>>> print(open('work-v4.csv').read())   # CSV, C-alpha atoms
chain,number,residue,atom,x,y,z
A,218,MET,CA,0.0,0.0,0.0
A,219,PHE,CA,2.8,2.4,0.8
A,220,ARG,CA,5.1,3.1,-2.0
A,221,LEU,CA,8.8,3.6,-1.5
A,222,LEU,CA,10.9,5.9,-3.5
A,223,THR,CA,13.2,3.6,-5.5
A,224,CYS,CA,14.9,5.7,-8.2
A,225,PHE,CA,15.2,9.2,-9.6
A,226,ALA,CA,16.0,8.4,-13.2
A,227,LEU,CA,13.9,9.7,-16.1
A,228,CYS,CA,14.1,7.9,-19.4
A,229,LEU,CA,13.5,9.9,-22.6
A,230,PHE,CA,13.3,8.2,-26.0
A,231,VAL,CA,14.3,10.9,-28.5
A,232,SER,CA,15.5,14.2,-27.2
A,233,THR,CA,17.3,17.3,-28.3
A,234,SER,CA,19.6,19.1,-25.8
A,235,TYR,CA,18.0,22.5,-25.5
A,236,ALA,CA,20.9,23.9,-23.3
A,237,GLU,CA,23.7,22.8,-21.1
A,238,ILE,CA,24.0,25.4,-18.4
A,239,GLU,CA,26.4,26.5,-15.8
A,240,SER,CA,25.2,27.1,-12.2
A,241,SER,CA,23.3,30.3,-11.6
A,242,LYS,CA,21.9,30.8,-15.1
A,243,SER,CA,18.4,31.3,-16.5
A,244,PHE,CA,16.8,31.0,-19.9
A,245,ASN,CA,13.4,30.8,-21.6
A,246,VAL,CA,11.9,27.7,-23.2
A,247,PRO,CA,8.9,27.9,-25.5
A,248,VAL,CA,6.1,25.6,-24.5
A,249,ASN,CA,3.7,23.7,-26.8
A,250,SER,CA,0.1,22.9,-25.6
A,251,ASN,CA,0.8,19.1,-25.2
A,252,GLN,CA,4.1,19.4,-23.2
A,253,LYS,CA,4.7,18.7,-19.6
A,254,LEU,CA,7.5,19.7,-17.3
A,255,VAL,CA,9.6,17.0,-15.7
A,256,ILE,CA,12.2,17.8,-13.0
A,257,THR,CA,14.6,15.0,-11.9
A,258,GLY,CA,17.3,15.5,-9.3
A,259,PHE,CA,18.7,15.0,-5.9
A,260,LYS,CA,19.0,17.9,-3.5
A,261,GLY,CA,17.7,21.5,-3.2
A,262,THR,CA,14.6,23.7,-3.5
A,263,ILE,CA,12.1,23.9,-6.4
A,264,ASP,CA,9.7,26.8,-6.8
A,265,LEU,CA,6.9,26.9,-9.3
A,266,ILE,CA,5.6,30.4,-10.0
A,267,PRO,CA,2.9,31.2,-12.7
A,268,SER,CA,3.4,34.4,-14.6
A,269,GLY,CA,0.6,36.1,-16.5
A,270,ASP,CA,-0.1,35.0,-20.1
A,271,SER,CA,3.4,33.8,-20.9
A,272,GLN,CA,3.7,30.9,-23.2
A,273,ASN,CA,7.2,30.2,-22.1
A,274,LEU,CA,8.9,28.7,-19.1
A,275,ARG,CA,11.8,30.8,-17.6
A,276,ILE,CA,13.9,28.3,-15.8
A,277,LYS,CA,16.6,29.5,-13.4
A,278,ILE,CA,19.0,26.9,-11.8
A,279,GLU,CA,21.4,28.1,-9.2
A,280,ARG,CA,23.9,26.0,-7.3
A,281,VAL,CA,23.6,27.0,-3.7
A,282,SER,CA,25.9,24.5,-1.9
A,283,THR,CA,29.5,25.2,-1.4
A,284,SER,CA,32.1,22.7,-2.5
A,285,PRO,CA,32.9,20.4,0.4
A,286,THR,CA,36.5,20.3,1.7
A,287,GLY,CA,38.7,17.5,2.9
A,288,PHE,CA,38.2,15.3,-0.2
A,289,GLY,CA,40.8,14.3,-2.7
A,290,ASP,CA,41.2,15.6,-6.3
A,291,GLU,CA,39.2,12.6,-7.7
A,292,VAL,CA,36.1,13.4,-5.6
A,293,GLN,CA,36.4,17.1,-6.4
A,294,ALA,CA,36.5,16.3,-10.1
A,295,TRP,CA,33.3,14.2,-9.7
A,296,ILE,CA,31.6,17.1,-7.9
A,297,SER,CA,32.7,19.5,-10.7
A,298,ALA,CA,31.3,17.2,-13.3
A,299,TRP,CA,27.8,17.5,-11.9
A,300,VAL,CA,26.1,19.4,-14.7
A,301,PRO,CA,22.4,20.5,-14.9
A,302,LYS,CA,20.8,20.1,-18.3
A,303,VAL,CA,17.5,20.9,-20.0
A,304,GLU,CA,16.1,18.7,-22.8
A,305,LYS,CA,13.0,19.3,-24.9
A,306,THR,CA,11.0,16.6,-26.7
A,307,GLU,CA,7.7,16.6,-28.4
A,308,LYS,CA,5.9,15.8,-25.1
A,309,ALA,CA,8.1,17.0,-22.3
A,310,ILE,CA,10.6,19.7,-21.2
A,311,SER,CA,13.0,18.0,-18.7
A,312,VAL,CA,15.3,19.5,-16.2
A,313,LYS,CA,17.8,16.9,-15.0
A,314,PHE,CA,21.4,16.5,-13.9
A,315,GLN,CA,24.3,14.9,-15.6
A,316,GLU,CA,25.8,13.1,-12.6
A,317,PRO,CA,29.0,11.1,-12.6
A,318,ALA,CA,28.2,7.7,-14.1
A,319,LEU,CA,30.9,6.0,-12.1
A,320,ARG,CA,30.5,3.0,-9.8
A,321,GLU,CA,33.4,4.3,-7.6
A,322,PHE,CA,31.4,7.4,-6.8
A,323,TRP,CA,28.1,5.8,-5.9
A,324,GLU,CA,29.7,3.1,-3.9
A,325,ARG,CA,31.2,5.7,-1.5
A,326,LYS,CA,29.3,5.9,1.8
A,327,ASP,CA,29.5,9.7,1.6
A,328,SER,CA,28.4,10.0,-2.0
A,329,PHE,CA,25.1,11.7,-1.1
A,330,VAL,CA,26.8,14.2,1.2
A,331,VAL,CA,28.9,15.6,-1.6
A,332,ILE,CA,26.1,15.9,-4.2
A,333,PRO,CA,25.7,19.6,-5.0
A,334,GLU,CA,22.5,21.3,-3.8
A,335,TYR,CA,20.5,23.5,-6.3
A,336,LYS,CA,17.7,26.0,-6.3
A,337,ILE,CA,15.4,25.7,-9.3
A,338,GLN,CA,12.9,28.4,-10.0
A,339,VAL,CA,10.3,27.9,-12.8
A,340,THR,CA,8.3,31.0,-13.9
A,341,GLY,CA,5.8,31.2,-16.6
A,342,ILE,CA,2.9,29.2,-18.0
A,343,SER,CA,1.3,26.6,-15.8
A,344,VAL,CA,1.8,23.1,-17.3
A,345,PRO,CA,1.4,19.6,-16.0
A,346,THR,CA,4.5,19.1,-13.8
A,347,GLU,CA,6.3,16.0,-12.4
A,348,VAL,CA,9.0,16.2,-9.9
A,349,TYR,CA,11.3,13.3,-8.8
A,350,TRP,CA,13.5,14.6,-6.0
A,351,ALA,CA,15.6,13.0,-3.3
A,352,LYS,CA,15.8,15.7,-0.6
A,353,GLY,CA,14.6,19.2,-0.3
A,354,VAL,CA,11.5,21.4,-0.7
A,355,VAL,CA,9.0,21.7,-3.5
A,356,ASN,CA,6.8,24.9,-3.5
A,357,ALA,CA,3.9,26.0,-5.7
A,358,ARG,CA,1.4,28.8,-5.5
A,359,ASP,CA,-1.5,29.5,-7.9
A,360,TRP,CA,-0.3,26.8,-10.4
A,361,LYS,CA,-3.2,26.1,-12.7
A,362,SER,CA,-2.3,22.6,-13.8
A,363,ALA,CA,-1.7,19.1,-12.3
A,364,LEU,CA,1.2,18.4,-10.0
A,365,ASN,CA,2.9,15.1,-9.3
A,366,VAL,CA,5.7,15.0,-6.8
A,367,THR,CA,7.9,12.1,-5.6
A,368,LEU,CA,10.1,13.1,-2.7
A,369,ASN,CA,12.3,10.9,-0.5
A,370,THR,CA,12.8,13.4,2.4
A,371,GLY,CA,11.7,17.0,2.6
A,372,GLU,CA,8.7,19.3,2.3
A,373,VAL,CA,5.8,19.7,-0.2
A,374,ASP,CA,3.9,23.0,0.1
A,375,PHE,CA,1.1,23.7,-2.4
A,376,SER,CA,-1.5,26.5,-2.3
A,377,LYS,CA,-4.3,27.5,-4.6
A,378,ILE,CA,-3.6,24.8,-7.2
A,379,GLU,CA,-6.1,24.1,-9.9
A,380,GLY,CA,-5.7,20.6,-11.1
A,381,GLU,CA,-5.1,17.2,-9.6
A,382,VAL,CA,-2.3,17.0,-7.0
A,383,LYS,CA,-0.3,13.9,-6.1
A,384,ALA,CA,2.4,13.8,-3.5
A,385,PHE,CA,4.5,10.7,-2.6
A,386,VAL,CA,6.8,11.5,0.4
A,387,GLN,CA,8.8,9.0,2.3
A,388,SER,CA,9.4,11.2,5.3
A,389,GLY,CA,8.8,14.9,5.9
A,390,SER,CA,5.7,17.1,5.5
A,391,VAL,CA,3.0,17.7,3.0
A,392,LYS,CA,0.9,20.9,3.1
A,393,ILE,CA,-1.9,21.5,0.6
A,394,SER,CA,-4.4,24.4,1.0
A,395,ASP,CA,-7.1,26.1,-1.1
A,396,GLN,CA,-7.1,23.3,-3.6
A,397,LYS,CA,-9.4,22.9,-6.6
A,398,GLY,CA,-9.1,19.4,-7.8
A,399,GLY,CA,-8.4,15.9,-6.4
A,400,VAL,CA,-5.7,15.3,-3.9
A,401,PHE,CA,-3.7,12.1,-3.3
A,402,VAL,CA,-1.0,11.9,-0.6
A,403,ASN,CA,1.1,8.9,0.2
A,404,THR,CA,3.7,9.0,3.0
A,405,TYR,CA,5.4,6.6,5.3
A,406,ASP,CA,6.2,8.9,8.2
A,407,GLY,CA,5.0,12.4,7.3
A,408,LYS,CA,3.2,15.3,8.7
A,409,VAL,CA,0.2,15.9,6.4
A,410,MET,CA,-1.9,19.1,6.6
A,411,ILE,CA,-4.8,19.4,4.1
A,412,ARG,CA,-7.1,22.4,4.3
A,413,ASN,CA,-9.9,23.7,2.1
A,414,VAL,CA,-10.1,21.3,-0.8
A,415,ASP,CA,-12.9,21.1,-3.4
A,416,GLY,CA,-12.5,17.6,-4.8
A,417,GLN,CA,-12.0,14.0,-3.8
A,418,THR,CA,-9.2,13.5,-1.3
A,419,GLU,CA,-7.2,10.3,-0.5
A,420,ILE,CA,-4.5,10.1,2.2
A,421,GLU,CA,-2.3,7.2,3.0
A,422,ASN,CA,-0.1,8.0,6.0
A,423,PHE,CA,1.5,5.0,7.7
A,424,SER,CA,2.6,6.4,10.9
A,425,GLY,CA,2.6,10.2,10.7
A,426,LEU,CA,0.3,13.0,11.9
A,427,THR,CA,-2.6,13.9,9.7
A,428,SER,CA,-4.7,17.1,9.9
A,429,VAL,CA,-7.6,17.6,7.5
A,430,ASP,CA,-10.0,20.6,7.6
A,431,LYS,CA,-12.7,21.9,5.2
A,432,ILE,CA,-13.2,19.3,2.5
A,433,GLN,CA,-15.9,19.4,-0.2
A,434,GLY,CA,-16.0,15.9,-1.5
A,435,ASN,CA,-15.3,12.4,-0.5
A,436,LEU,CA,-12.4,11.6,1.8
A,437,ARG,CA,-10.5,8.2,2.0
A,438,LEU,CA,-8.0,7.7,4.8
A,439,SER,CA,-5.6,4.9,5.4
A,440,SER,CA,-3.3,4.8,8.5
A,441,TYR,CA,-1.5,2.2,10.6
A,442,ASN,CA,-0.5,3.9,13.8
A,443,GLY,CA,-0.7,7.7,13.1
A,444,LYS,CA,-2.8,10.3,14.7
A,445,THR,CA,-5.5,11.9,12.5
A,446,LYS,CA,-7.7,14.9,13.1
A,447,ILE,CA,-10.5,15.7,10.7
A,448,SER,CA,-13.0,18.6,10.8
A,449,ASP,CA,-15.7,20.1,8.6
A,450,ILE,CA,-16.2,17.5,5.9
A,451,LYS,CA,-19.1,17.6,3.5
A,452,GLY,CA,-18.9,14.3,1.8
A,453,GLY,CA,-18.4,10.6,2.6
A,454,LEU,CA,-15.5,9.5,4.7
A,455,ASN,CA,-14.0,6.0,4.4
A,456,PHE,CA,-11.2,4.9,6.7
A,457,ASP,CA,-8.9,2.0,7.3
A,458,MET,CA,-7.0,2.2,10.6
A,459,LYS,CA,-5.0,-0.3,12.7
A,460,VAL,CA,-3.7,1.1,16.0
A,461,GLY,CA,-3.8,4.9,15.6
A,462,THR,CA,-6.3,7.5,16.6
A,463,LEU,CA,-9.0,9.1,14.5
A,464,ASP,CA,-10.9,12.2,15.7
A,465,ILE,CA,-13.6,13.5,13.4
A,466,ASP,CA,-15.4,16.7,14.1
A,467,ASP,CA,-18.4,17.9,12.0
A,468,LEU,CA,-19.0,15.3,9.3
A,469,ASP,CA,-21.9,15.9,7.0
A,470,GLY,CA,-21.9,12.7,5.0
A,471,SER,CA,-21.6,8.9,5.3
A,472,LEU,CA,-19.0,7.2,7.6
A,473,ARG,CA,-17.5,3.8,6.6
A,474,GLY,CA,-14.5,2.2,8.1
A,475,GLU,CA,-12.5,-0.7,9.6
A,476,ASN,CA,-10.6,-0.2,12.9
A,477,GLY,CA,-8.2,-2.5,14.6
A,478,ASP,CA,-7.0,-1.5,18.0
A,479,GLY,CA,-7.3,2.2,17.5
A,480,THR,CA,-9.6,4.8,18.8
A,481,VAL,CA,-12.4,6.4,16.7
A,482,LYS,CA,-14.3,9.4,17.8
A,483,ALA,CA,-16.8,11.1,15.4
A,484,ARG,CA,-19.3,13.9,15.7
A,485,ILE,CA,-21.9,13.6,12.9
A,486,SER,CA,-23.5,16.9,12.0
A,487,GLY,CA,-25.7,15.7,9.1
A,488,THR,CA,-28.1,12.8,8.7
A,489,PRO,CA,-26.4,9.8,10.4
A,490,ASP,CA,-25.2,7.2,7.9
A,491,VAL,CA,-22.6,5.1,9.8
A,492,ARG,CA,-21.3,1.6,9.2
A,493,VAL,CA,-18.2,0.8,11.2
A,494,ARG,CA,-16.4,-2.4,12.3
A,495,SER,CA,-13.7,-2.5,15.0
A,496,ALA,CA,-11.6,-5.2,16.7
A,497,ALA,CA,-10.3,-4.1,20.1
A,498,GLY,CA,-10.5,-0.4,19.5
A,499,SER,CA,-13.3,1.8,20.9
A,500,VAL,CA,-15.9,3.7,18.7
A,501,ASN,CA,-17.5,6.8,20.0
A,502,LEU,CA,-20.3,8.4,18.0
A,503,ARG,CA,-22.1,11.7,18.6
A,504,VAL,CA,-25.1,12.4,16.4
A,505,PRO,CA,-27.7,15.3,16.2
A,506,HIS,CA,-30.6,14.9,18.5
A,507,LYS,CA,-33.1,15.9,15.8
A,508,TYR,CA,-32.6,12.7,13.9
A,509,ALA,CA,-34.4,9.6,15.2
A,510,ALA,CA,-31.8,7.3,13.5
A,511,GLN,CA,-32.1,3.6,13.5
A,512,VAL,CA,-29.4,2.0,15.7
A,513,ASN,CA,-27.9,-1.5,15.3
A,514,VAL,CA,-24.8,-2.1,17.4
A,515,GLY,CA,-23.1,-5.2,18.8
A,516,SER,CA,-20.0,-6.4,20.5
A,517,SER,CA,-18.7,-9.8,21.5
A,518,GLU,CA,-16.7,-8.6,24.5
A,519,GLY,CA,-16.9,-4.8,24.7
A,520,GLU,CA,-19.4,-2.6,26.4
A,521,LEU,CA,-22.4,-0.9,24.7
A,522,ARG,CA,-23.2,2.6,25.9
A,523,ILE,CA,-26.3,3.9,24.2
A,524,PRO,CA,-29.4,6.0,25.1
A,525,GLY,CA,-31.5,4.4,27.7
A,526,ASN,CA,-34.6,4.0,25.5
A,527,ILE,CA,-32.8,1.3,23.5
A,528,ARG,CA,-32.5,-2.0,25.4
A,529,VAL,CA,-29.2,-3.9,25.4
A,530,GLN,CA,-29.6,-7.6,25.0
A,531,ARG,CA,-27.2,-10.3,25.9
A,532,GLY,CA,-26.7,-13.6,24.1
A,533,ASP,CA,-24.1,-16.4,24.3
A,534,ASN,CA,-21.6,-14.7,22.0
A,535,MET,CA,-22.6,-11.0,21.8
A,536,ARG,CA,-24.2,-8.0,23.4
A,537,TRP,CA,-26.4,-6.2,20.9
A,538,ALA,CA,-28.9,-3.3,20.8
A,539,VAL,CA,-31.5,-2.5,18.1
A,540,GLY,CA,-33.8,0.4,18.2
A,541,ARG,CA,-34.4,4.0,17.2
A,542,LEU,CA,-33.1,7.1,18.8
A,543,GLN,CA,-35.6,9.5,20.4
A,544,GLY,CA,-35.0,12.4,18.1
A,545,GLY,CA,-37.0,15.4,17.3
A,546,GLY,CA,-39.3,13.7,14.9
A,547,GLU,CA,-37.2,13.2,11.7
A,548,ARG,CA,-37.0,9.4,11.4
A,549,GLU,CA,-33.9,9.5,9.3
A,550,GLY,CA,-30.5,7.9,9.4
A,551,GLN,CA,-28.9,4.7,10.4
A,552,ILE,CA,-26.0,3.7,12.7
A,553,PHE,CA,-24.4,0.2,12.4
A,554,ALA,CA,-21.4,-0.7,14.5
A,555,ARG,CA,-19.7,-4.0,15.4
A,556,SER,CA,-16.7,-4.8,17.6
A,557,GLN,CA,-14.9,-7.8,19.0
A,558,SER,CA,-13.7,-6.3,22.3
A,559,GLY,CA,-13.9,-2.6,21.8
A,560,ASN,CA,-16.5,-0.4,23.5
A,561,ILE,CA,-19.2,1.2,21.3
A,562,VAL,CA,-20.7,4.5,22.5
A,563,VAL,CA,-23.6,6.4,20.8
A,564,ASN,CA,-24.7,9.8,22.1
A,565,ALA,CA,-27.6,11.8,20.7
A,566,ASN,CA,-27.5,15.0,22.8
A,567,GLU,CA,-26.7,17.9,20.4
>>> encode(input="work-v4.csv", output="structure tokens")
Amino acid sequence: MFRLLTCFALCLFVSTSYAEIESSKSFNVPVNSNQKLVITGFKGTIDLIPSGDSQNLRIKIERVSTSPTGFGDEVQAWISAWVPKVEKTEKAISVKFQEPALREFWERKDSFVVIPEYKIQVTGISVPTEVYWAKGVVNARDWKSALNVTLNTGEVDFSKIEGEVKAFVQSGSVKISDQKGGVFVNTYDGKVMIRNVDGQTEIENFSGLTSVDKIQGNLRLSSYNGKTKISDIKGGLNFDMKVGTLDIDDLDGSLRGENGDGTVKARISGTPDVRVRSAAGSVNLRVPHKYAAQVNVGSSEGELRIPGNIRVQRGDNMRWAVGRLQGGGEREGQIFARSQSGNIVVNANE
């Protein structure tokens, strides 16, 4: 489920070298309507900045790291041979780096330490963009096209993007705000902050902290032992959690999920539409008092804490309760929950 970053190589079939550039130099590249931008490299910062009605991309590449000391002439020669390049094909404009193709360099334990660090600034027309980067920061503001970033370690910071956004980050942070379009985030141990999205959102965060606020659209969440806080969702929420915590505040939509030993708390603001299963973890649901929702909950070993008008029955293998909440007259909604040993709590007091 969780993808690992395995390589940073980009293969192009037929390409023409547009320019070989020295560090700290900028140039303009004309862009066709069917071309995308692909950036492949190792260390540094990437900034994507849209600019007016320009049909070009102005790409500035600046080497920002100083040459390390204490290495022999051979290593210094390898560092000097690190040359950024731009290539243009019919379908893509690529920014990549002509690294030393020598086994002796890559077999060194300190090879990544001596790789030069660059700052890449792309200004001009918004085009579909792919970034394959090892370590650093990727920033974009007001970019009006799709973004796809694969980053081993570092930060992704996107704001006011119009188009689908995908971010694959091994460790670090992902921040996406004021997004128009779908969002997909996959991280192993990352801090994920998503705010104000108009579109379908999917987050896979194995063990990191996740915060989601103001989503218009369906949300799918997968986590193993991370902590997740979700608020102000207008759309369905589907989760798969093992041993983490999930705190949901103000959900106007359906709730579906599988929970292992984690803790699930949810405040439903709209018509209750809940179907949750849990192993040893607890499930705590708060629903609006105005809905007389149908309740069907049961647990093999856990406790059931529900409004007193619904009778808890005990059988040989399960406690269960079936009935309807005493709401304000609207006989709408349903709540279904099952657990092995976790407690199930249903409150209707808002």
>>> residues_near_point(input="work-v4.csv", point="(5.3, 19.2, 2.8)", cutoff="10 Å", atoms="all atoms listed in the file", output="NGL selection string")
:A and (353-356 or 368 or 370-375 or 384 or 386 or 388-393 or 407-410)
>>> residues_around(input="work-v4.csv", residues="Val429 in chain A", least_positions_apart="6", cutoff="12 Å", atoms="all atoms listed in the file", output="PyMOL selection string")
chain A and resi 391-394+400+402+408-414+418-420+436-438+444-450+454+463-468
>>> residues_around(input="work-v4.csv", residues="range 260-269 of chain A", least_positions_apart="3", cutoff="6 Å", atoms="all atoms listed in the file", output="count of residues only")
18
>>> closest_residue(input="work-v4.csv", among="A:Phe456, A:Arg275, A:Tyr405, A:Asp469", to="Lys431 in chain A", atoms="all atoms listed in the file")
A:Asp469
>>> atom_distance(input="work-v4.csv", atom1="CA of Ala363 in chain A", atom2="CA of Gln272 in chain A")
16.9 Å
>>> closest_residue(input="work-v4.csv", among="A:Glu520, A:Glu279, A:Glu316, A:Glu381", to="Gln417 in chain A", atoms="all atoms listed in the file")
A:Glu381
>>> residues_around(input="work-v4.csv", residues="Asp533 in chain A", least_positions_apart="3", cutoff="12 Å", atoms="only C-alpha atoms", output="JSON, numbers by chain")
{"A": [516, 517, 518, 530, 536, 537]}
>>> residues_near_point(input="work-v4.csv", point="(7.0, 13.9, -11.7)", cutoff="8 Å", atoms="all atoms listed in the file", output="list of chain:residue names")
A:Val255, A:Ile256, A:Thr257, A:Thr346, A:Glu347, A:Val348, A:Tyr349, A:Leu364, A:Asn365, A:Val366, A:Thr367
>>> atom_distance(input="work-v4.csv", atom1="CA of Leu274 in chain A", atom2="CA of Val248 in chain A")
6.8 Å
>>> closest_residue(input="work-v4.csv", among="A:Asn526, A:Gln511, A:Ser499, A:Thr480", to="Ser558 in chain A", atoms="only C-alpha atoms")
A:Ser499
>>> closest_residue(input="work-v4.csv", among="A:Asn476, A:Thr306, A:Gln557, A:Ser376", to="Asn442 in chain A", atoms="only C-alpha atoms")
A:Asn476
>>> atom_distance(input="work-v4.csv", atom1="CA of Lys377 in chain A", atom2="CA of Gly470 in chain A")
24.9 Å
>>> closest_residue(input="work-v4.csv", among="A:Arg522, A:Lys459, A:Lys383, A:Lys507", to="Leu542 in chain A", atoms="all atoms listed in the file")
A:Lys507
>>> closest_residue(input="work-v4.csv", among="A:Ala509, A:Val331, A:Leu472, A:Val246", to="Ala309 in chain A", atoms="all atoms listed in the file")
A:Val246
>>> build_atoms(input="work-v4.csv", residues="range 518-545 of chain A", atoms="N, CA and C atoms", output="PDB file, in the coordinates of the input")
ATOM      1  N   GLU A 518     -17.241  -8.751  23.195  1.00  0.00           N
ATOM      2  CA  GLU A 518     -16.700  -8.600  24.500  1.00  0.00           C
ATOM      3  C   GLU A 518     -16.729  -7.195  25.086  1.00  0.00           C
ATOM      4  N   GLY A 519     -16.932  -6.207  24.226  1.00  0.00           N
ATOM      5  CA  GLY A 519     -16.900  -4.800  24.700  1.00  0.00           C
ATOM      6  C   GLY A 519     -18.254  -4.380  25.248  1.00  0.00           C
ATOM      7  N   GLU A 520     -18.244  -3.183  25.831  1.00  0.00           N
ATOM      8  CA  GLU A 520     -19.400  -2.600  26.400  1.00  0.00           C
ATOM      9  C   GLU A 520     -20.198  -1.779  25.367  1.00  0.00           C
ATOM     10  N   LEU A 521     -21.513  -1.710  25.531  1.00  0.00           N
ATOM     11  CA  LEU A 521     -22.400  -0.900  24.700  1.00  0.00           C
ATOM     12  C   LEU A 521     -22.945   0.229  25.575  1.00  0.00           C
ATOM     13  N   ARG A 522     -22.667   1.472  25.190  1.00  0.00           N
ATOM     14  CA  ARG A 522     -23.200   2.600  25.900  1.00  0.00           C
ATOM     15  C   ARG A 522     -24.027   3.440  24.986  1.00  0.00           C
ATOM     16  N   ILE A 523     -25.337   3.314  25.136  1.00  0.00           N
ATOM     17  CA  ILE A 523     -26.300   3.900  24.200  1.00  0.00           C
ATOM     18  C   ILE A 523     -27.419   4.556  25.005  1.00  0.00           C
ATOM     19  N   PRO A 524     -28.218   5.407  24.361  1.00  0.00           N
ATOM     20  CA  PRO A 524     -29.400   6.000  25.100  1.00  0.00           C
ATOM     21  C   PRO A 524     -30.244   4.954  25.731  1.00  0.00           C
ATOM     22  N   GLY A 525     -30.804   5.340  26.896  1.00  0.00           N
ATOM     23  CA  GLY A 525     -31.500   4.400  27.700  1.00  0.00           C
ATOM     24  C   GLY A 525     -32.803   3.826  27.115  1.00  0.00           C
ATOM     25  N   ASN A 526     -33.354   4.482  26.094  1.00  0.00           N
ATOM     26  CA  ASN A 526     -34.600   4.000  25.500  1.00  0.00           C
ATOM     27  C   ASN A 526     -34.382   2.735  24.658  1.00  0.00           C
ATOM     28  N   ILE A 527     -33.112   2.430  24.333  1.00  0.00           N
ATOM     29  CA  ILE A 527     -32.800   1.300  23.500  1.00  0.00           C
ATOM     30  C   ILE A 527     -32.239   0.175  24.448  1.00  0.00           C
ATOM     31  N   ARG A 528     -32.848  -0.958  24.451  1.00  0.00           N
ATOM     32  CA  ARG A 528     -32.500  -2.000  25.400  1.00  0.00           C
ATOM     33  C   ARG A 528     -31.269  -2.805  24.852  1.00  0.00           C
ATOM     34  N   VAL A 529     -30.329  -3.043  25.769  1.00  0.00           N
ATOM     35  CA  VAL A 529     -29.200  -3.900  25.400  1.00  0.00           C
ATOM     36  C   VAL A 529     -29.513  -5.331  25.794  1.00  0.00           C
ATOM     37  N   GLN A 530     -29.339  -6.197  24.826  1.00  0.00           N
ATOM     38  CA  GLN A 530     -29.600  -7.600  25.000  1.00  0.00           C
ATOM     39  C   GLN A 530     -28.318  -8.410  25.026  1.00  0.00           C
ATOM     40  N   ARG A 531     -28.349  -9.523  25.762  1.00  0.00           N
ATOM     41  CA  ARG A 531     -27.200 -10.300  25.900  1.00  0.00           C
ATOM     42  C   ARG A 531     -27.437 -11.757  25.441  1.00  0.00           C
ATOM     43  N   GLY A 532     -26.595 -12.207  24.533  1.00  0.00           N
ATOM     44  CA  GLY A 532     -26.700 -13.600  24.100  1.00  0.00           C
ATOM     45  C   GLY A 532     -25.438 -14.346  24.503  1.00  0.00           C
ATOM     46  N   ASP A 533     -25.271 -15.550  23.965  1.00  0.00           N
ATOM     47  CA  ASP A 533     -24.100 -16.400  24.300  1.00  0.00           C
ATOM     48  C   ASP A 533     -22.811 -15.784  23.804  1.00  0.00           C
ATOM     49  N   ASN A 534     -22.858 -15.143  22.656  1.00  0.00           N
ATOM     50  CA  ASN A 534     -21.600 -14.700  22.000  1.00  0.00           C
ATOM     51  C   ASN A 534     -21.555 -13.175  21.790  1.00  0.00           C
ATOM     52  N   MET A 535     -22.609 -12.450  22.116  1.00  0.00           N
ATOM     53  CA  MET A 535     -22.600 -11.000  21.800  1.00  0.00           C
ATOM     54  C   MET A 535     -23.633 -10.251  22.597  1.00  0.00           C
ATOM     55  N   ARG A 536     -23.260  -9.016  22.899  1.00  0.00           N
ATOM     56  CA  ARG A 536     -24.200  -8.000  23.400  1.00  0.00           C
ATOM     57  C   ARG A 536     -24.678  -7.237  22.132  1.00  0.00           C
ATOM     58  N   TRP A 537     -25.950  -6.938  22.028  1.00  0.00           N
ATOM     59  CA  TRP A 537     -26.400  -6.200  20.900  1.00  0.00           C
ATOM     60  C   TRP A 537     -27.588  -5.272  21.315  1.00  0.00           C
ATOM     61  N   ALA A 538     -27.817  -4.256  20.503  1.00  0.00           N
ATOM     62  CA  ALA A 538     -28.900  -3.300  20.800  1.00  0.00           C
ATOM     63  C   ALA A 538     -29.476  -2.875  19.422  1.00  0.00           C
ATOM     64  N   VAL A 539     -30.785  -2.974  19.287  1.00  0.00           N
ATOM     65  CA  VAL A 539     -31.500  -2.500  18.100  1.00  0.00           C
ATOM     66  C   VAL A 539     -32.632  -1.666  18.461  1.00  0.00           C
ATOM     67  N   GLY A 540     -32.721  -0.490  17.867  1.00  0.00           N
ATOM     68  CA  GLY A 540     -33.800   0.400  18.200  1.00  0.00           C
ATOM     69  C   GLY A 540     -33.649   1.724  17.456  1.00  0.00           C
ATOM     70  N   ARG A 541     -34.462   2.691  17.861  1.00  0.00           N
ATOM     71  CA  ARG A 541     -34.400   4.000  17.200  1.00  0.00           C
ATOM     72  C   ARG A 541     -34.196   5.076  18.272  1.00  0.00           C
ATOM     73  N   LEU A 542     -33.307   6.017  17.921  1.00  0.00           N
ATOM     74  CA  LEU A 542     -33.100   7.100  18.800  1.00  0.00           C
ATOM     75  C   LEU A 542     -34.299   7.975  18.981  1.00  0.00           C
ATOM     76  N   GLN A 543     -34.463   8.567  20.156  1.00  0.00           N
ATOM     77  CA  GLN A 543     -35.600   9.500  20.400  1.00  0.00           C
ATOM     78  C   GLN A 543     -35.240  10.859  19.957  1.00  0.00           C
ATOM     79  N   GLY A 544     -35.319  11.069  18.660  1.00  0.00           N
ATOM     80  CA  GLY A 544     -35.000  12.400  18.100  1.00  0.00           C
ATOM     81  C   GLY A 544     -36.135  13.315  18.115  1.00  0.00           C
ATOM     82  N   GLY A 545     -35.980  14.386  17.362  1.00  0.00           N
ATOM     83  CA  GLY A 545     -37.000  15.400  17.300  1.00  0.00           C
ATOM     84  C   GLY A 545     -38.088  15.206  16.321  1.00  0.00           C
TER      85      GLY A 545
END
